[in-house]
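Peer 1: My structure file data34.cif, mmCIF, C-alpha atoms, is below:
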data_structure
loop_
_atom_site.group_PDB
_atom_site.id
_atom_site.type_symbol
_atom_site.label_atom_id
_atom_site.label_comp_id
_atom_site.auth_asym_id
_atom_site.auth_seq_id
_atom_site.Cartn_x
_atom_site.Cartn_y
_atom_site.Cartn_z
ATOM 1 C CA MET A 501 -85.288 24.609 106.329
ATOM 2 C CA ASN A 502 -88.697 23.772 104.945
ATOM 3 C CA GLU A 503 -89.751 22.720 101.460
ATOM 4 C CA ARG A 504 -90.801 26.252 100.511
ATOM 5 C CA ALA A 505 -87.230 27.461 101.082
ATOM 6 C CA PHE A 506 -85.968 24.693 98.786
ATOM 7 C CA GLN A 507 -88.431 25.751 96.110
ATOM 8 C CA VAL A 508 -86.927 29.217 96.200
ATOM 9 C CA ILE A 509 -83.404 27.737 96.209
ATOM 10 C CA THR A 510 -84.243 25.650 93.139
ATOM 11 C CA ILE A 511 -85.605 28.647 91.251
ATOM 12 C CA VAL A 512 -82.601 30.802 92.198
ATOM 13 C CA ALA A 513 -80.188 28.029 91.186
ATOM 14 C CA ALA A 514 -81.903 27.751 87.804
ATOM 15 C CA ARG A 515 -81.534 31.511 87.321
ATOM 16 C CA LYS A 516 -77.833 31.293 88.197
ATOM 17 C CA ALA A 517 -77.470 28.489 85.661
ATOM 18 C CA GLU A 518 -79.139 30.618 82.997
ATOM 19 C CA PHE A 519 -76.836 33.547 83.825
ATOM 20 C CA TYR A 520 -73.809 31.255 83.627
ATOM 21 C CA VAL A 521 -74.781 29.813 80.233
ATOM 22 C CA LYS A 522 -75.394 33.259 78.746
ATOM 23 C CA THR A 523 -72.150 34.704 80.134
ATOM 24 C CA LYS A 524 -69.913 31.737 79.399
ATOM 25 C CA ARG A 525 -70.267 31.715 75.637
ATOM 26 C CA ARG A 526 -69.533 35.433 75.387
ATOM 27 C CA LEU A 527 -66.563 35.233 77.736
ATOM 28 C CA LEU A 528 -64.894 32.222 76.146
ATOM 29 C CA ALA A 529 -65.067 33.865 72.728
ATOM 30 C CA SER A 530 -62.991 36.786 74.039
ATOM 31 C CA LEU A 531 -60.259 34.833 75.850
ATOM 32 C CA PRO A 532 -56.665 34.920 74.540
ATOM 33 C CA SER A 533 -55.018 31.621 73.672
ATOM 34 C CA PHE A 534 -52.837 31.479 76.769
ATOM 35 C CA ILE A 535 -55.858 31.397 79.097
ATOM 36 C CA SER A 536 -57.335 27.948 79.597
ATOM 37 C CA ASP A 537 -60.997 27.738 78.554
ATOM 38 C CA LYS A 538 -61.624 24.993 81.082
ATOM 39 C CA GLU A 539 -60.184 26.931 83.996
ATOM 40 C CA ALA A 540 -62.103 30.061 83.007
ATOM 41 C CA ARG A 541 -65.344 28.068 82.826
ATOM 42 C CA LEU A 542 -64.770 26.485 86.217
ATOM 43 C CA ARG A 543 -63.923 29.802 87.828
ATOM 44 C CA LEU A 544 -66.967 31.480 86.329
ATOM 45 C CA ARG A 545 -69.240 28.631 87.392
ATOM 46 C CA ARG A 546 -67.928 28.688 90.948
ATOM 47 C CA ALA A 547 -68.097 32.494 91.183
ATOM 48 C CA ILE A 548 -71.730 32.606 90.037
ATOM 49 C CA SER A 549 -72.826 29.671 92.191
ATOM 50 C CA GLU A 550 -71.516 31.380 95.320
ATOM 51 C CA LEU A 551 -73.426 34.613 94.823
ATOM 52 C CA ASP A 552 -75.987 35.347 97.492
ATOM 53 C CA ASP A 553 -79.456 34.003 96.640
ATOM 54 C CA THR A 554 -81.163 37.350 97.209
ATOM 55 C CA MET A 555 -79.155 38.843 94.329
ATOM 56 C CA PHE A 556 -81.240 36.753 91.927
ATOM 57 C CA ILE A 557 -84.619 37.838 93.197
ATOM 58 C CA GLY A 558 -86.003 40.808 91.303
ATOM 59 C CA GLY A 559 -86.862 44.088 92.974
ATOM 60 C CA GLN A 560 -90.542 43.676 92.205
ATOM 61 C CA GLU A 561 -90.480 40.125 93.522
ATOM 62 C CA ILE A 562 -88.923 41.288 96.789
ATOM 63 C CA ALA A 563 -91.552 44.004 97.121
ATOM 64 C CA SER A 564 -94.434 41.632 96.464
ATOM 65 C CA ARG A 565 -92.815 38.663 98.250
ATOM 66 C CA THR A 566 -93.728 36.539 95.248
ATOM 67 C CA ILE A 567 -91.298 34.746 92.952
ATOM 68 C CA ASP A 568 -92.230 33.823 89.400
ATOM 69 C CA PRO A 569 -90.334 30.653 88.441
ATOM 70 C CA GLY A 570 -90.763 31.206 84.702
ATOM 71 C CA LEU A 571 -88.998 34.574 84.484
ATOM 72 C CA SER A 572 -85.616 34.795 82.776
ATOM 73 C CA VAL A 573 -82.790 36.818 84.358
ATOM 74 C CA ASP A 574 -82.964 39.625 81.819
ATOM 75 C CA SER A 575 -86.534 40.434 82.877
ATOM 76 C CA LEU A 576 -85.836 40.521 86.634
ATOM 77 C CA ASN A 577 -84.279 43.987 86.891
ATOM 78 C CA LEU A 578 -81.418 42.742 89.079
ATOM 79 C CA ASP A 579 -78.625 44.806 90.615
ATOM 80 C CA VAL A 580 -76.190 44.416 87.731
ATOM 81 C CA THR A 581 -73.394 46.461 89.306
ATOM 82 C CA ARG A 582 -73.316 44.420 92.478
ATOM 83 C CA ILE A 583 -73.399 41.090 90.643
ATOM 84 C CA VAL A 584 -70.677 42.117 88.190
ATOM 85 C CA ASP A 585 -68.447 43.425 90.993
ATOM 86 C CA GLN A 586 -68.705 40.252 93.034
ATOM 87 C CA VAL A 587 -68.122 37.907 90.123
ATOM 88 C CA ALA A 588 -65.198 39.997 88.848
ATOM 89 C CA THR A 589 -63.610 39.930 92.315
ATOM 90 C CA ALA A 590 -64.009 36.174 92.544
ATOM 91 C CA MET A 591 -62.588 35.647 89.053
ATOM 92 C CA ALA A 592 -59.526 37.764 89.870
ATOM 93 C CA ALA A 593 -58.736 35.816 93.047
ATOM 94 C CA THR A 594 -55.526 33.790 92.932
ATOM 95 C CA MET B 1280 -30.316 28.833 75.439
ATOM 96 C CA GLY B 1281 -27.929 31.720 75.242
ATOM 97 C CA VAL B 1282 -26.686 33.053 71.955
ATOM 98 C CA ILE B 1283 -22.956 33.561 71.496
ATOM 99 C CA PHE B 1284 -21.959 36.166 68.971
ATOM 100 C CA CYS B 1285 -18.660 35.856 67.072
ATOM 101 C CA GLU B 1286 -17.138 39.044 65.828
ATOM 102 C CA PHE B 1287 -15.848 37.339 62.674
ATOM 103 C CA GLN B 1288 -17.752 34.804 60.650
ATOM 104 C CA MET B 1289 -16.327 31.684 59.120
ATOM 105 C CA CYS B 1290 -14.814 32.254 55.691
ATOM 106 C CA ASP B 1291 -17.014 30.784 53.002
ATOM 107 C CA SER B 1292 -18.490 31.555 49.626
ATOM 108 C CA ARG B 1293 -19.959 34.768 50.958
ATOM 109 C CA CYS B 1294 -16.402 36.002 51.216
ATOM 110 C CA THR B 1295 -14.861 34.405 48.170
ATOM 111 C CA GLY B 1296 -17.809 35.406 46.021
ATOM 112 C CA ALA B 1297 -18.039 38.930 47.368
ATOM 113 C CA ARG B 1298 -17.389 42.018 45.275
ATOM 114 C CA PRO B 1299 -13.672 42.807 45.436
ATOM 115 C CA GLY B 1300 -13.075 45.849 47.607
ATOM 116 C CA SER B 1301 -16.115 45.333 49.740
ATOM 117 C CA PRO B 1302 -15.509 44.933 53.501
ATOM 118 C CA CYS B 1303 -14.537 41.506 54.720
ATOM 119 C CA HIS B 1304 -16.046 40.245 57.967
ATOM 120 C CA CYS B 1305 -14.627 36.774 58.220
ATOM 121 C CA ASP B 1306 -11.599 35.018 59.630
ATOM 122 C CA CYS B 1307 -9.487 35.358 56.505
ATOM 123 C CA ARG B 1308 -9.256 39.132 57.082
ATOM 124 C CA GLY B 1309 -9.559 39.722 53.405
ATOM 125 C CA ALA B 1310 -7.180 37.056 52.210
ATOM 126 C CA ASN B 1311 -9.895 35.264 50.204
ATOM 127 C CA HIS B 1312 -12.243 38.148 49.787
ATOM 128 C CA GLY B 1313 -13.605 38.354 46.298
ATOM 129 C CA ARG B 1314 -11.101 35.854 44.871
ATOM 130 C CA GLY B 1315 -13.611 33.156 44.013
ATOM 131 C CA TYR B 1316 -13.420 29.741 45.632
ATOM 132 C CA ARG B 1317 -10.909 28.353 43.140
ATOM 133 C CA HIS B 1318 -8.370 30.963 44.079
ATOM 134 C CA ALA B 1319 -8.981 31.220 47.776
ATOM 135 C CA GLY B 1320 -5.559 31.169 49.401
ATOM 136 C CA TYR B 1321 -6.331 31.319 53.060
ATOM 137 C CA ALA B 1322 -7.451 28.011 54.562
ATOM 138 C CA GLY B 1323 -6.816 28.450 58.247
ATOM 139 C CA THR B 1324 -7.657 30.752 61.065
ATOM 140 C CA TYR B 1325 -5.684 33.883 61.739
ATOM 141 C CA PRO B 1326 -4.729 34.480 65.323
ATOM 142 C CA ARG B 1327 -7.415 36.482 66.966
ATOM 143 C CA HIS B 1328 -6.817 40.152 67.409
ATOM 144 C CA PRO B 1329 -5.259 40.655 70.852
ATOM 145 C CA THR B 1330 -8.212 42.685 72.024
ATOM 146 C CA TYR B 1331 -10.748 40.235 70.700
ATOM 147 C CA THR B 1332 -12.423 38.210 73.359
ATOM 148 C CA PRO B 1333 -15.088 35.790 72.346
ATOM 149 C CA VAL B 1334 -18.359 36.478 74.070
ATOM 150 C CA THR B 1335 -19.250 33.496 76.243
ATOM 151 C CA ASP B 1336 -21.073 34.894 79.191
ATOM 152 C CA VAL B 1337 -24.319 35.917 77.602
ATOM 153 C CA PRO B 1338 -26.925 36.193 80.292
ATOM 154 C CA ILE B 1339 -29.767 33.803 79.554
ATOM 155 C CA PRO B 1340 -33.003 35.795 79.506
ATOM 156 C CA ALA B 1341 -35.377 34.735 82.252
ATOM 157 C CA PRO B 1342 -38.350 32.774 80.931
ATOM 158 C CA GLN B 1343 -41.286 35.071 80.515
ATOM 159 C CA GLU B 1344 -43.771 34.322 83.292
ATOM 160 C CA GLU B 1345 -47.159 33.537 81.848
ATOM 161 C CA GLN B 1346 -49.886 35.638 83.291
ATOM 162 C CA SER B 1347 -52.045 33.668 85.731
ATOM 163 C CA ILE B 1348 -55.747 33.524 85.056
ATOM 164 C CA GLY B 1349 -56.501 35.548 88.183
ATOM 165 C CA ALA B 1350 -54.041 38.252 87.155
ATOM 166 C CA TYR B 1351 -55.531 38.265 83.664
ATOM 167 C CA PHE B 1352 -59.050 38.871 84.911
ATOM 168 C CA GLU B 1353 -57.758 41.516 87.321
ATOM 169 C CA SER B 1354 -56.085 43.483 84.535
ATOM 170 C CA VAL B 1355 -56.520 43.336 80.776
ATOM 171 C CA GLY B 1356 -59.291 40.738 80.925
ATOM 172 C CA LYS B 1357 -61.514 42.696 83.267
ATOM 173 C CA ALA B 1358 -63.225 44.640 80.493
ATOM 174 C CA ALA B 1359 -64.073 41.494 78.540
ATOM 175 C CA LEU B 1360 -65.350 39.805 81.693
ATOM 176 C CA THR B 1361 -67.503 42.792 82.631
ATOM 177 C CA SER B 1362 -68.935 42.930 79.133
ATOM 178 C CA ALA B 1363 -69.757 39.218 79.183
ATOM 179 C CA LEU B 1364 -71.395 39.461 82.610
ATOM 180 C CA ILE B 1365 -73.557 42.418 81.590
ATOM 181 C CA TYR B 1366 -74.549 40.529 78.480
ATOM 182 C CA GLY B 1367 -75.389 37.486 80.612
ATOM 183 C CA LEU B 1368 -77.770 39.536 82.730
ATOM 184 C CA SER B 1369 -79.408 41.431 79.906
ATOM 185 C CA ALA B 1370 -79.338 39.288 76.771
ATOM 186 C CA ALA B 1371 -82.723 39.217 75.160
ATOM 187 C CA VAL B 1372 -81.636 36.567 72.665
ATOM 188 C CA PRO B 1373 -79.640 34.019 74.641
ATOM 189 C CA PRO B 1374 -77.975 30.856 73.315
ATOM 190 C CA PHE B 1375 -79.877 27.594 73.214
ATOM 191 C CA GLY B 1376 -80.142 26.098 76.673
ATOM 192 C CA ALA B 1377 -80.462 29.418 78.399
ATOM 193 C CA VAL B 1378 -83.761 29.892 76.592
ATOM 194 C CA ALA B 1379 -85.132 26.623 77.860
ATOM 195 C CA ILE B 1380 -84.103 26.954 81.504
ATOM 196 C CA PRO B 1381 -86.877 29.309 82.717
ATOM 197 C CA LEU B 1382 -89.455 27.241 80.836
ATOM 198 C CA TYR B 1383 -88.221 24.039 82.444
ATOM 199 C CA THR B 1384 -88.077 25.687 85.863
ATOM 200 C CA ALA B 1385 -91.645 26.949 85.573
ATOM 201 C CA TYR B 1386 -92.971 23.417 85.174
ATOM 202 C CA ASN B 1387 -90.552 21.395 87.257
ATOM 203 C CA TYR B 1388 -89.209 23.449 90.159
ATOM 204 C CA SER B 1389 -91.648 21.936 92.601
ATOM 205 C CA LYS B 1390 -90.703 18.322 91.874
ATOM 206 C CA MET B 1391 -86.976 19.102 92.030
ATOM 207 C CA ALA B 1392 -87.339 21.053 95.278
ATOM 208 C CA HIS B 1393 -89.355 18.255 96.860
ATOM 209 C CA ASN B 1394 -86.642 15.698 96.068
ATOM 210 C CA ILE B 1395 -83.809 17.909 97.284
ATOM 211 C CA TYR B 1396 -85.776 18.621 100.478
ATOM 212 C CA ARG B 1397 -86.230 14.871 100.963
ATOM 213 C CA PHE B 1398 -82.455 14.338 100.752
ATOM 214 C CA TYR B 1399 -81.987 17.196 103.204
ATOM 215 C CA GLU B 1400 -84.397 15.652 105.721
ATOM 216 C CA GLU B 1401 -82.814 12.200 105.359
ATOM 217 C CA ASN B 1402 -79.347 13.623 105.994
ATOM 218 C CA ARG B 1403 -80.616 15.675 108.893
ATOM 219 C CA SER B 1404 -82.081 12.627 110.633
ATOM 220 C CA LYS B 1405 -78.852 10.698 110.046
ATOM 221 C CA GLY B 1406 -76.934 13.657 111.431
ATOM 222 C CA SER B 1407 -78.920 13.718 114.655
ATOM 223 C CA ALA B 1408 -78.204 9.994 115.157
ATOM 224 C CA SER B 1409 -74.524 10.126 114.285
ATOM 225 C CA SER B 1410 -72.080 12.448 115.975
ATOM 226 C CA GLY B 1411 -69.682 12.181 113.009
ATOM 227 C CA SER B 1412 -72.044 13.614 110.435
ATOM 228 C CA THR B 1413 -71.668 17.140 109.196
ATOM 229 C CA MET B 1414 -75.396 17.659 109.454
ATOM 230 C CA ARG B 1415 -76.636 18.872 112.777
ATOM 231 C CA ALA B 1416 -80.214 18.511 113.917
ATOM 232 C CA ALA B 1417 -80.985 22.126 113.105
ATOM 233 C CA GLY B 1418 -84.501 22.748 114.230
ATOM 234 C CA SER B 1419 -84.842 26.232 112.806
ATOM 235 C CA ILE B 1420 -83.616 27.976 109.729
ATOM 236 C CA GLY B 1421 -80.193 29.527 109.852
ATOM 237 C CA GLU B 1422 -78.677 27.536 112.700
ATOM 238 C CA LEU B 1423 -75.808 26.546 110.468
ATOM 239 C CA GLY B 1424 -74.426 30.059 110.721
ATOM 240 C CA SER B 1425 -70.842 29.292 109.802
ATOM 241 C CA GLN B 1426 -69.906 29.263 106.125
ATOM 242 C CA PRO B 1427 -67.771 26.077 106.276
ATOM 243 C CA ALA B 1428 -70.596 24.118 107.915
ATOM 244 C CA ALA B 1429 -73.112 25.424 105.403
ATOM 245 C CA ASP B 1430 -70.730 24.621 102.524
ATOM 246 C CA ALA B 1431 -70.223 21.060 103.762
ATOM 247 C CA VAL B 1432 -73.940 20.399 104.057
ATOM 248 C CA ALA B 1433 -74.677 21.957 100.695
ATOM 249 C CA LYS B 1434 -71.928 19.960 99.004
ATOM 250 C CA GLU B 1435 -73.215 16.704 100.447
ATOM 251 C CA LEU B 1436 -76.776 17.497 99.426
ATOM 252 C CA SER B 1437 -75.864 18.519 95.896
ATOM 253 C CA ALA B 1438 -73.667 15.460 95.367
ATOM 254 C CA LYS B 1439 -76.441 13.165 96.529
ATOM 255 C CA ALA B 1440 -78.978 14.854 94.263
ATOM 256 C CA GLN B 1441 -76.658 14.586 91.288
ATOM 257 C CA GLN B 1442 -75.794 10.959 91.951
ATOM 258 C CA SER B 1443 -79.479 10.110 92.096
ATOM 259 C CA GLY B 1444 -79.909 11.552 88.593
ATOM 260 C CA LEU B 1445 -82.173 14.356 89.752
ATOM 261 C CA PHE B 1446 -80.682 16.848 87.291
ATOM 262 C CA ASN B 1447 -80.476 14.509 84.297
ATOM 263 C CA ASP B 1448 -83.886 15.343 82.875
ATOM 264 C CA MET B 1449 -83.215 19.060 83.188
ATOM 265 C CA ALA B 1450 -79.848 18.591 81.499
ATOM 266 C CA ARG B 1451 -81.471 16.695 78.662
ATOM 267 C CA GLN B 1452 -84.299 19.177 78.134
ATOM 268 C CA THR B 1453 -82.169 22.306 78.367
ATOM 269 C CA ASN B 1454 -78.935 21.012 76.788
ATOM 270 C CA VAL B 1455 -77.000 22.241 79.807
ATOM 271 C CA GLU B 1456 -74.733 19.822 81.717
ATOM 272 C CA SER B 1457 -76.103 18.466 84.979
ATOM 273 C CA ILE B 1458 -72.898 19.482 86.785
ATOM 274 C CA VAL B 1459 -73.878 23.115 86.164
ATOM 275 C CA PHE B 1460 -77.166 22.676 88.026
ATOM 276 C CA ALA B 1461 -75.489 20.649 90.735
ATOM 277 C CA GLU B 1462 -72.996 23.415 91.368
ATOM 278 C CA MET B 1463 -75.679 26.130 91.376
ATOM 279 C CA ILE B 1464 -77.795 24.081 93.807
ATOM 280 C CA ARG B 1465 -74.731 23.671 96.009
ATOM 281 C CA GLY B 1466 -73.995 27.390 96.034
ATOM 282 C CA SER B 1467 -77.604 28.445 96.558
ATOM 283 C CA THR B 1468 -78.140 25.918 99.354
ATOM 284 C CA SER B 1469 -74.956 27.055 101.088
ATOM 285 C CA SER B 1470 -76.055 30.689 100.807
ATOM 286 C CA ALA B 1471 -79.467 29.844 102.239
ATOM 287 C CA LEU B 1472 -78.103 27.770 105.108
ATOM 288 C CA SER B 1473 -75.553 30.360 106.204
ATOM 289 C CA SER B 1474 -77.526 33.532 105.900
ATOM 290 C CA SER B 1475 -80.791 34.239 104.202
ATOM 291 C CA SER B 1476 -82.734 31.011 104.582
ATOM 292 C CA GLY B 1477 -85.202 32.580 106.970
ATOM 293 C CA GLU B 1478 -86.073 35.188 104.392
ATOM 294 C CA LEU B 1479 -86.383 32.740 101.505
ATOM 295 C CA ALA B 1480 -89.161 30.733 103.091
ATOM 296 C CA LYS B 1481 -91.318 33.872 103.301
ATOM 297 C CA PHE B 1482 -91.603 34.118 99.512
ATOM 298 C CA MET B 1483 -94.662 32.778 97.759
ATOM 299 C CA ILE B 1484 -94.220 31.107 94.397
ATOM 300 C CA ALA B 1485 -96.357 32.617 91.652
ATOM 301 C CA LYS B 1486 -98.027 30.274 89.263
ATOM 302 C CA ALA B 1487 -96.110 30.660 86.003
ATOM 303 C CA ILE B 1488 -98.206 31.687 83.026
ATOM 304 C CA GLY B 1489 -99.278 28.579 81.159
ATOM 305 C CA ALA B 1490 -98.091 26.184 83.877
#
Output the file's structure as structure tokens, nothing else.
Peer 2:
Amino acid sequence: MNERAFQVITIVAARKAEFYVKTKRRLLASLPSFISDKEARLRLRRAISELDDTMFIGGQEIASRTIDPGLSVDSLNLDVTRIVDQVATAMAAT
Amino acid sequence: MGVIFCEFQMCDSRCTGARPGSPCHCDCRGANHGRGYRHAGYAGTYPRHPTYTPVTDVPIPAPQEEQSIGAYFESVGKAALTSALIYGLSAAVPPFGAVAIPLYTAYNYSKMAHNIYRFYEENRSKGSASSGSTMRAAGSIGELGSQPAADAVAKELSAKAQQSGLFNDMARQTNVESIVFAEMIRGSTSSALSSSSGELAKFMIAKAIGA
């Protein structure tokens, strides 16, 4: 892998981190008392980290082959259904 | 612990102080009922009715199995999870930390990527010299096709980057723990090594506005 690939990896990882931070607070506020906050956080973090990198590259970025490092996830027009399905499946795993 | 029910309760002031004529439910079988404690005549225990058998074998209810976290998110928790995930992808007003991440990334992605790449190259050269290393001398992108191999390399790389303090400044500036970035770097590196790394390198990086 060359340095350009790692630049893309870094940007994608930062987007995953942003997604995690935004999701975590909302999720933890809705958990019942018998579910451990810590375990939920760890599961969510692992599930998001293992998503494919291409899922965090916007449609317009894929078309233009150009990634903007300063864009936040809500402005990327990502495939929400696919991301939600994969994270939900990972969270439900025993 | 099981609960044993007795058909007749011990005779006490509830019986002696009861309204005369009201039903008696205790051992005295009415001998003391409503007579007041000073005049209670019965002080022992009548023989049990021949058909009375004290209940001793009460089945102990099985402890209620707590729902596992996986089962929770598969069932009743799925709606809350879905809602949180959709919010995470679409929130226009995110919590502090999430706001700062894209801004930090815009100015610092290049430096972070350069350092992570340096660790990758160092490990790769060690791997080619040592047969025990998990890193193989992969000349082209995507040679580490198996997920376990990619995971092992990514984990090693991420741990090294975190130990060197590479994510500390980002953690400080964004108020997000460095372990979060370390884990996302691990996952993204693993994904790139096992599948799409060839595609990633074809992307140009746009100059962020104001950077």
Peer 1: For a quick test of understanding: name the residues of chain A lying within 7 Å of chain B when counting all atoms listed in the file, and present them as an MDAnalysis selection string.
Peer 2: chainID A and resid 501 503:511 513:514 516:519 521:523 526:527 530 535 549:550 552:553 565:574 580 584 591:594
Peer 1: Rounded to one decimal, what separation in Å do you get between atom CA of B:Asn1402 and atom CA of A:Met555?
Peer 2: 27.8 Å
Peer 1: Excluding A:Leu544 and its own-chain neighbours fewer than 2 positions away, which residues fall within 8 Å of it when counting all atoms listed in the file? Please give them as a VMD selection string.
Peer 2: chain A and resid 520 524 540 to 542 546 to 548 587 591
Peer 1: May I ask for the distance between atom CA of B:Glu1435 and atom CA of A:Ala588, given in Å to one decimal place?
Peer 2: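 Pair atom CA of B:Glu1435 / atom CA of A:Ala588 returns 27.2 Å.
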Peer 1: How many Å separate atom CA of B:Arg1308 from atom CA of B:Ser1292?
Peer 2: 14.1 Å
Peer 1: Please evaluate the PyMOL selection byres ((chain A and resi 559) around 9) against the displayed coordinates and give the resulting residues as a ChimeraX atom specification.
Peer 2: /A:557-558,560-564,576-579
